[in-house]
Amino acid sequence: MIEARGLFKRYPSRGGEPFTAVAGIDLDVRPGECFGLLGPNGAGKSTTMRMIGCVSRPTAGSLSILGLDAAVHGAAIRARIGVVPQDDALDSELTVAENFLVYGRYFGLGKRVIRERTTRLLEFAQLADKADQRVDTLSGGMRRRLAIARAMINEPVLVLLDEPTTGLDPQARHVLWERLFRLKREGVTLVLTTHYMDEAEQLCDRLVVIDGGQVVDAGTPRELIERHCTREVLELRYDSGDLADLAARVRGGLAQPTETGAAPSPGVQQALAVRERVEILPDRLLYYTDDGEAALADIHHRALSPATALVRRATLEDVFLALTGRTLVD
Amino acid sequence: MTLTLTAVAPAPAHRRHVGPAAAVVGRNLLVLRHEWTTLAFGVLEPVLYLLSIGVGVGRMIGTVPGLDRQVAYATYVGPALMAMAAMNGTLNATAQSVFMRLRFGNTYRIMLATPLRPVDVARGEIGTAVLRGTIEGGGFLAVMAVFGVVHSPWALLDVPGALLVGFAFAGIGLVTATYLRDWPDFQLLELVLLPMFLFATTFYPLSVYPGPVQALVRCLPLYHSINILREPALGQVGTNLIAPTVYLAAVGLAGFWLAVRRLDARLSD
């Protein structure tokens, strides 16, 4: 579906060094899968999406979409893909039905075909009763569904979604996820960017984590969690005391053999050292461990009892933060 | 790295039912249908001038001196106001609307995510502007006819004339749109347009000016636009139309050529 090798995008900046938004990305997206691009703001997700959507030319590297070279066949590729941009990009002065009409015409479709598909797509987007309403009267969730439905007007085999659920309330997100599942079931290949980890876990078969314009890691959500994280995370809150000091004391338990088993072999111990660790947050400690309950029991045992404790499953969010750091990016 | 070779059949040669530029024009017309008052105002403005100056001031002037025959002042001024209407309609569709779409709207982003290319967008915008100039100019011509200001049947030539005026100013307007930086720049534009409107023989013949000034006025696109509309309206059709036709076509083509390049550079990324 998509094959990218060494994709680069640099923007010239006045008088200074050119700005590199994407710095050598490799991607392979297979037909029928849902593929995710994850990364913090400014990581290069949207730029990558724009290159895949053939609206932005790569500065270097090769990019093949649907077996066609993106540098040569941009218009032909665009004719067969669907694009849902980050901010919906709808014609807000026009009505819902007019949006389909105008968009379909951009693809050169005839009026009859457009009318037929519009009826079907409005049904799909649960907007059948809104056909004659102006787009600027729709809610955020409706607009997003409309943007997705509109992207289907040319019956694309590949749909690109840039942060499809950003800014939506939980209900709207779930409706949207369900619609995306339906598309996938129908065999449409989906590529989406997101920084909601639950969304990536819900939707994506495979994903890449991007940071600083580069792929940091790739795999299925499960693989990534297993590779970079323990099975569980124990969150510890303390009412008083220095968190750094507490962390060091909690950490003291890490190297020791747990009461449930013998001392792990040196190799395992090393692997655990990477994954099993204690992180200090401003308000709490995160104890990454494969067995949260046992670790908590151990902490109680060592008289380090926290004010509150929570054992939860490790999520893609933990992987994401482990890979891209906690520093705020703007 | 795994290599996933996907053998997808090349896109079927699918026949377009609508040309790319026509699709852009279609979109703009649909938006205009919701904003038809803009078009109405484009016709109303020259009507106000026609009433106040053509008819009102014309009462005191009677006929225009310096012409071969007796021409009522309103008949003389009318076609010039029609040129203004066509010019304004075109410039509103380009300098203003295109500037806004380049600067704020997402219209072009939507278009470029589809098979449309920047050059299609440029062509579509020129087409829209020409259409708007012709509609607003033609609309004013109809009003003039109703007011009994037009006498010669040759005035029908003013419809294709308005189209040519629209083409010339569409090129100019589209190029301008790519140079405008922000709203204050529109004041600079106004600083060019207002004197041109006042001095490009709108209200009196060229013979009023001394020689060197005449040469200067002859360079103005509005001067030729007025000529190409006024001459037929006064029943004077002949070789006198060649110069303005050539001038306006040349300006339009040059503007179109440059505008396509400028928009292409602006919209490509």
# chains A, B, ... in the order shown; residues from 1 in each chain; ligands from 1
>>> interface_residues(of="chain A", to="chain B", cutoff="6 Å", atoms="only C-alpha atoms", output="ChimeraX atom specification")
/A:1,56,66-67,75,78-79,89,102,105-106,108-110
>>> write_last_selection(atoms="all heavy atoms", output="compact mmCIF listing (two decimals), in the first residue's frame")
# COMPACT_ATOMS: atom_id res chain seq x y z
N MET A 1 0.83 -1.21 0.00
CA MET A 1 0.00 0.00 0.00
C MET A 1 0.86 1.26 0.00
O MET A 1 0.80 2.07 -0.89
CB MET A 1 -0.85 0.05 1.29
CG MET A 1 -2.21 -0.54 1.14
SD MET A 1 -3.27 0.41 0.09
CE MET A 1 -4.30 -0.83 -0.58
N SER A 56 2.59 17.32 -0.29
CA SER A 56 3.89 17.86 0.07
C SER A 56 4.94 16.93 -0.53
O SER A 56 4.85 15.72 -0.39
CB SER A 56 4.00 17.93 1.60
OG SER A 56 5.30 18.27 1.98
N LEU A 66 0.22 2.87 -3.39
CA LEU A 66 -0.58 2.06 -4.31
C LEU A 66 0.26 1.62 -5.50
O LEU A 66 -0.23 1.51 -6.62
CB LEU A 66 -1.81 2.84 -4.81
CG LEU A 66 -2.69 3.51 -3.77
CD1 LEU A 66 -3.73 4.40 -4.43
CD2 LEU A 66 -3.37 2.47 -2.90
N GLY A 67 1.54 1.41 -5.26
CA GLY A 67 2.43 0.97 -6.33
C GLY A 67 2.85 2.07 -7.28
O GLY A 67 3.52 1.82 -8.28
N ALA A 75 -1.26 13.32 -8.65
CA ALA A 75 -2.70 13.50 -8.91
C ALA A 75 -3.41 12.16 -9.04
O ALA A 75 -4.52 11.98 -8.53
CB ALA A 75 -2.90 14.34 -10.17
N ARG A 78 -3.77 10.78 -5.56
CA ARG A 78 -4.80 11.53 -4.81
C ARG A 78 -6.21 11.14 -5.26
O ARG A 78 -7.15 11.19 -4.49
CB ARG A 78 -4.58 13.03 -4.96
CG ARG A 78 -3.33 13.54 -4.26
CD ARG A 78 -3.40 15.04 -4.03
NE ARG A 78 -3.53 15.79 -5.26
CZ ARG A 78 -2.53 16.21 -6.02
NH1 ARG A 78 -1.29 15.95 -5.65
NH2 ARG A 78 -2.75 16.89 -7.12
N ALA A 79 -6.32 10.75 -6.54
CA ALA A 79 -7.64 10.37 -7.07
C ALA A 79 -8.16 9.11 -6.38
O ALA A 79 -9.35 8.85 -6.39
CB ALA A 79 -7.56 10.16 -8.58
N ALA A 89 -11.39 20.76 7.62
CA ALA A 89 -11.30 21.47 6.34
C ALA A 89 -12.56 21.26 5.50
O ALA A 89 -12.51 20.73 4.41
CB ALA A 89 -10.05 21.03 5.57
N VAL A 102 -19.50 19.42 -4.21
CA VAL A 102 -18.29 20.14 -4.60
C VAL A 102 -17.08 19.20 -4.57
O VAL A 102 -16.28 19.17 -5.50
CB VAL A 102 -18.08 21.33 -3.63
CG1 VAL A 102 -16.67 21.86 -3.71
CG2 VAL A 102 -19.08 22.44 -3.96
N ARG A 105 -17.04 16.66 -7.35
CA ARG A 105 -16.67 17.27 -8.63
C ARG A 105 -15.16 17.44 -8.76
O ARG A 105 -14.62 17.35 -9.85
CB ARG A 105 -17.33 18.63 -8.77
CG ARG A 105 -18.75 18.55 -9.26
CD ARG A 105 -19.15 19.90 -9.79
NE ARG A 105 -20.57 20.00 -10.02
CZ ARG A 105 -21.28 21.10 -9.76
NH1 ARG A 105 -20.67 22.16 -9.27
NH2 ARG A 105 -22.55 21.13 -10.01
N TYR A 106 -14.50 17.71 -7.63
CA TYR A 106 -13.03 17.81 -7.69
C TYR A 106 -12.43 16.51 -8.23
O TYR A 106 -11.38 16.51 -8.85
CB TYR A 106 -12.43 18.08 -6.31
CG TYR A 106 -12.76 19.44 -5.73
CD1 TYR A 106 -12.60 19.69 -4.37
CD2 TYR A 106 -13.21 20.47 -6.54
CE1 TYR A 106 -12.90 20.92 -3.83
CE2 TYR A 106 -13.52 21.72 -5.99
CZ TYR A 106 -13.36 21.93 -4.63
OH TYR A 106 -13.65 23.15 -4.10
N GLY A 108 -13.93 14.77 -10.39
CA GLY A 108 -14.45 14.60 -11.74
C GLY A 108 -15.68 13.72 -11.82
O GLY A 108 -16.07 13.29 -12.90
N LEU A 109 -16.30 13.45 -10.67
CA LEU A 109 -17.46 12.57 -10.67
C LEU A 109 -18.70 13.28 -11.22
O LEU A 109 -18.85 14.49 -11.07
CB LEU A 109 -17.76 12.08 -9.25
CG LEU A 109 -16.65 11.29 -8.55
CD1 LEU A 109 -17.04 11.00 -7.11
CD2 LEU A 109 -16.38 10.00 -9.30
N GLY A 110 -19.57 12.50 -11.85
CA GLY A 110 -20.82 13.05 -12.38
C GLY A 110 -21.84 13.27 -11.27
O GLY A 110 -21.74 12.68 -10.20
>>> closest_atom_pairs(of="region 63-89 of chain B", to="region 127-151 of chain B", cutoff="9 Å", atoms="only C-alpha atoms", output="JSON lines")
{"residue": "B:Ala72", "atom": "CA", "partner": "B:Val149", "partner_atom": "CA", "distance": 8.5}
{"residue": "B:Ala74", "atom": "CA", "partner": "B:Val149", "partner_atom": "CA", "distance": 6.4}
{"residue": "B:Thr75", "atom": "CA", "partner": "B:Val149", "partner_atom": "CA", "distance": 5.1}
{"residue": "B:Tyr76", "atom": "CA", "partner": "B:Val149", "partner_atom": "CA", "distance": 8.8}
{"residue": "B:Gly78", "atom": "CA", "partner": "B:Met144", "partner_atom": "CA", "distance": 7.1}
{"residue": "B:Pro79", "atom": "CA", "partner": "B:Leu141", "partner_atom": "CA", "distance": 7.8}
{"residue": "B:Leu81", "atom": "CA", "partner": "B:Phe140", "partner_atom": "CA", "distance": 8.4}
{"residue": "B:Met82", "atom": "CA", "partner": "B:Gly137", "partner_atom": "CA", "distance": 5.2}
{"residue": "B:Ala83", "atom": "CA", "partner": "B:Gly137", "partner_atom": "CA", "distance": 6.7}
{"residue": "B:Met84", "atom": "CA", "partner": "B:Gly137", "partner_atom": "CA", "distance": 7.9}
{"residue": "B:Ala85", "atom": "CA", "partner": "B:Gly137", "partner_atom": "CA", "distance": 5.2}
{"residue": "B:Ala86", "atom": "CA", "partner": "B:Gly133", "partner_atom": "CA", "distance": 4.1}
{"residue": "B:Met87", "atom": "CA", "partner": "B:Gly133", "partner_atom": "CA", "distance": 6.3}
{"residue": "B:Asn88", "atom": "CA", "partner": "B:Gly133", "partner_atom": "CA", "distance": 7.2}
{"residue": "B:Gly89", "atom": "CA", "partner": "B:Gly133", "partner_atom": "CA", "distance": 4.6}
>>> atom_distance(atom1="CA of Gly36 (chain A)", atom2="CA of Val72 (chain A)")
25.5 Å
>>> select_by_dssp(residues="region 38-239 of chain B", states="helix (DSSP H, G or I)", output="number ranges by chain")
B: 38-61, 73-103, 107-112, 118-146, 153-179, 184-199, 206-208, 211-218, 221-233, 239
>>> select_by_dssp(residues="region 75-239 of chain A", states="strand (DSSP E)", output="PyMOL selection string")
chain A and resi 81-84+158-162+189-194+206-211+214-219+232-237
>>> closest_residue(among="B:Phe167, B:Phe186, B:Tyr204, B:Phe256", to="Gln96 (chain B)", atoms="only C-alpha atoms")
B:Phe186
>>> atom_distance(atom1="CA of Pro232 (chain B)", atom2="CA of Val159 (chain B)")
10.5 Å
>>> atom_distance(atom1="CA of Ile25 (chain A)", atom2="CA of Gly6 (chain A)")
5.0 Å
>>> residues_around(residues="region 260-266 of chain B", least_positions_apart="4", cutoff="6 Å", atoms="only C-alpha atoms", output="number ranges by chain")
B: 118-119, 122
>>> closest_residue(among="B:Ser52, B:Thr63, B:Ser207, B:Thr178", to="Ala259 (chain B)", atoms="only C-alpha atoms")
B:Thr178
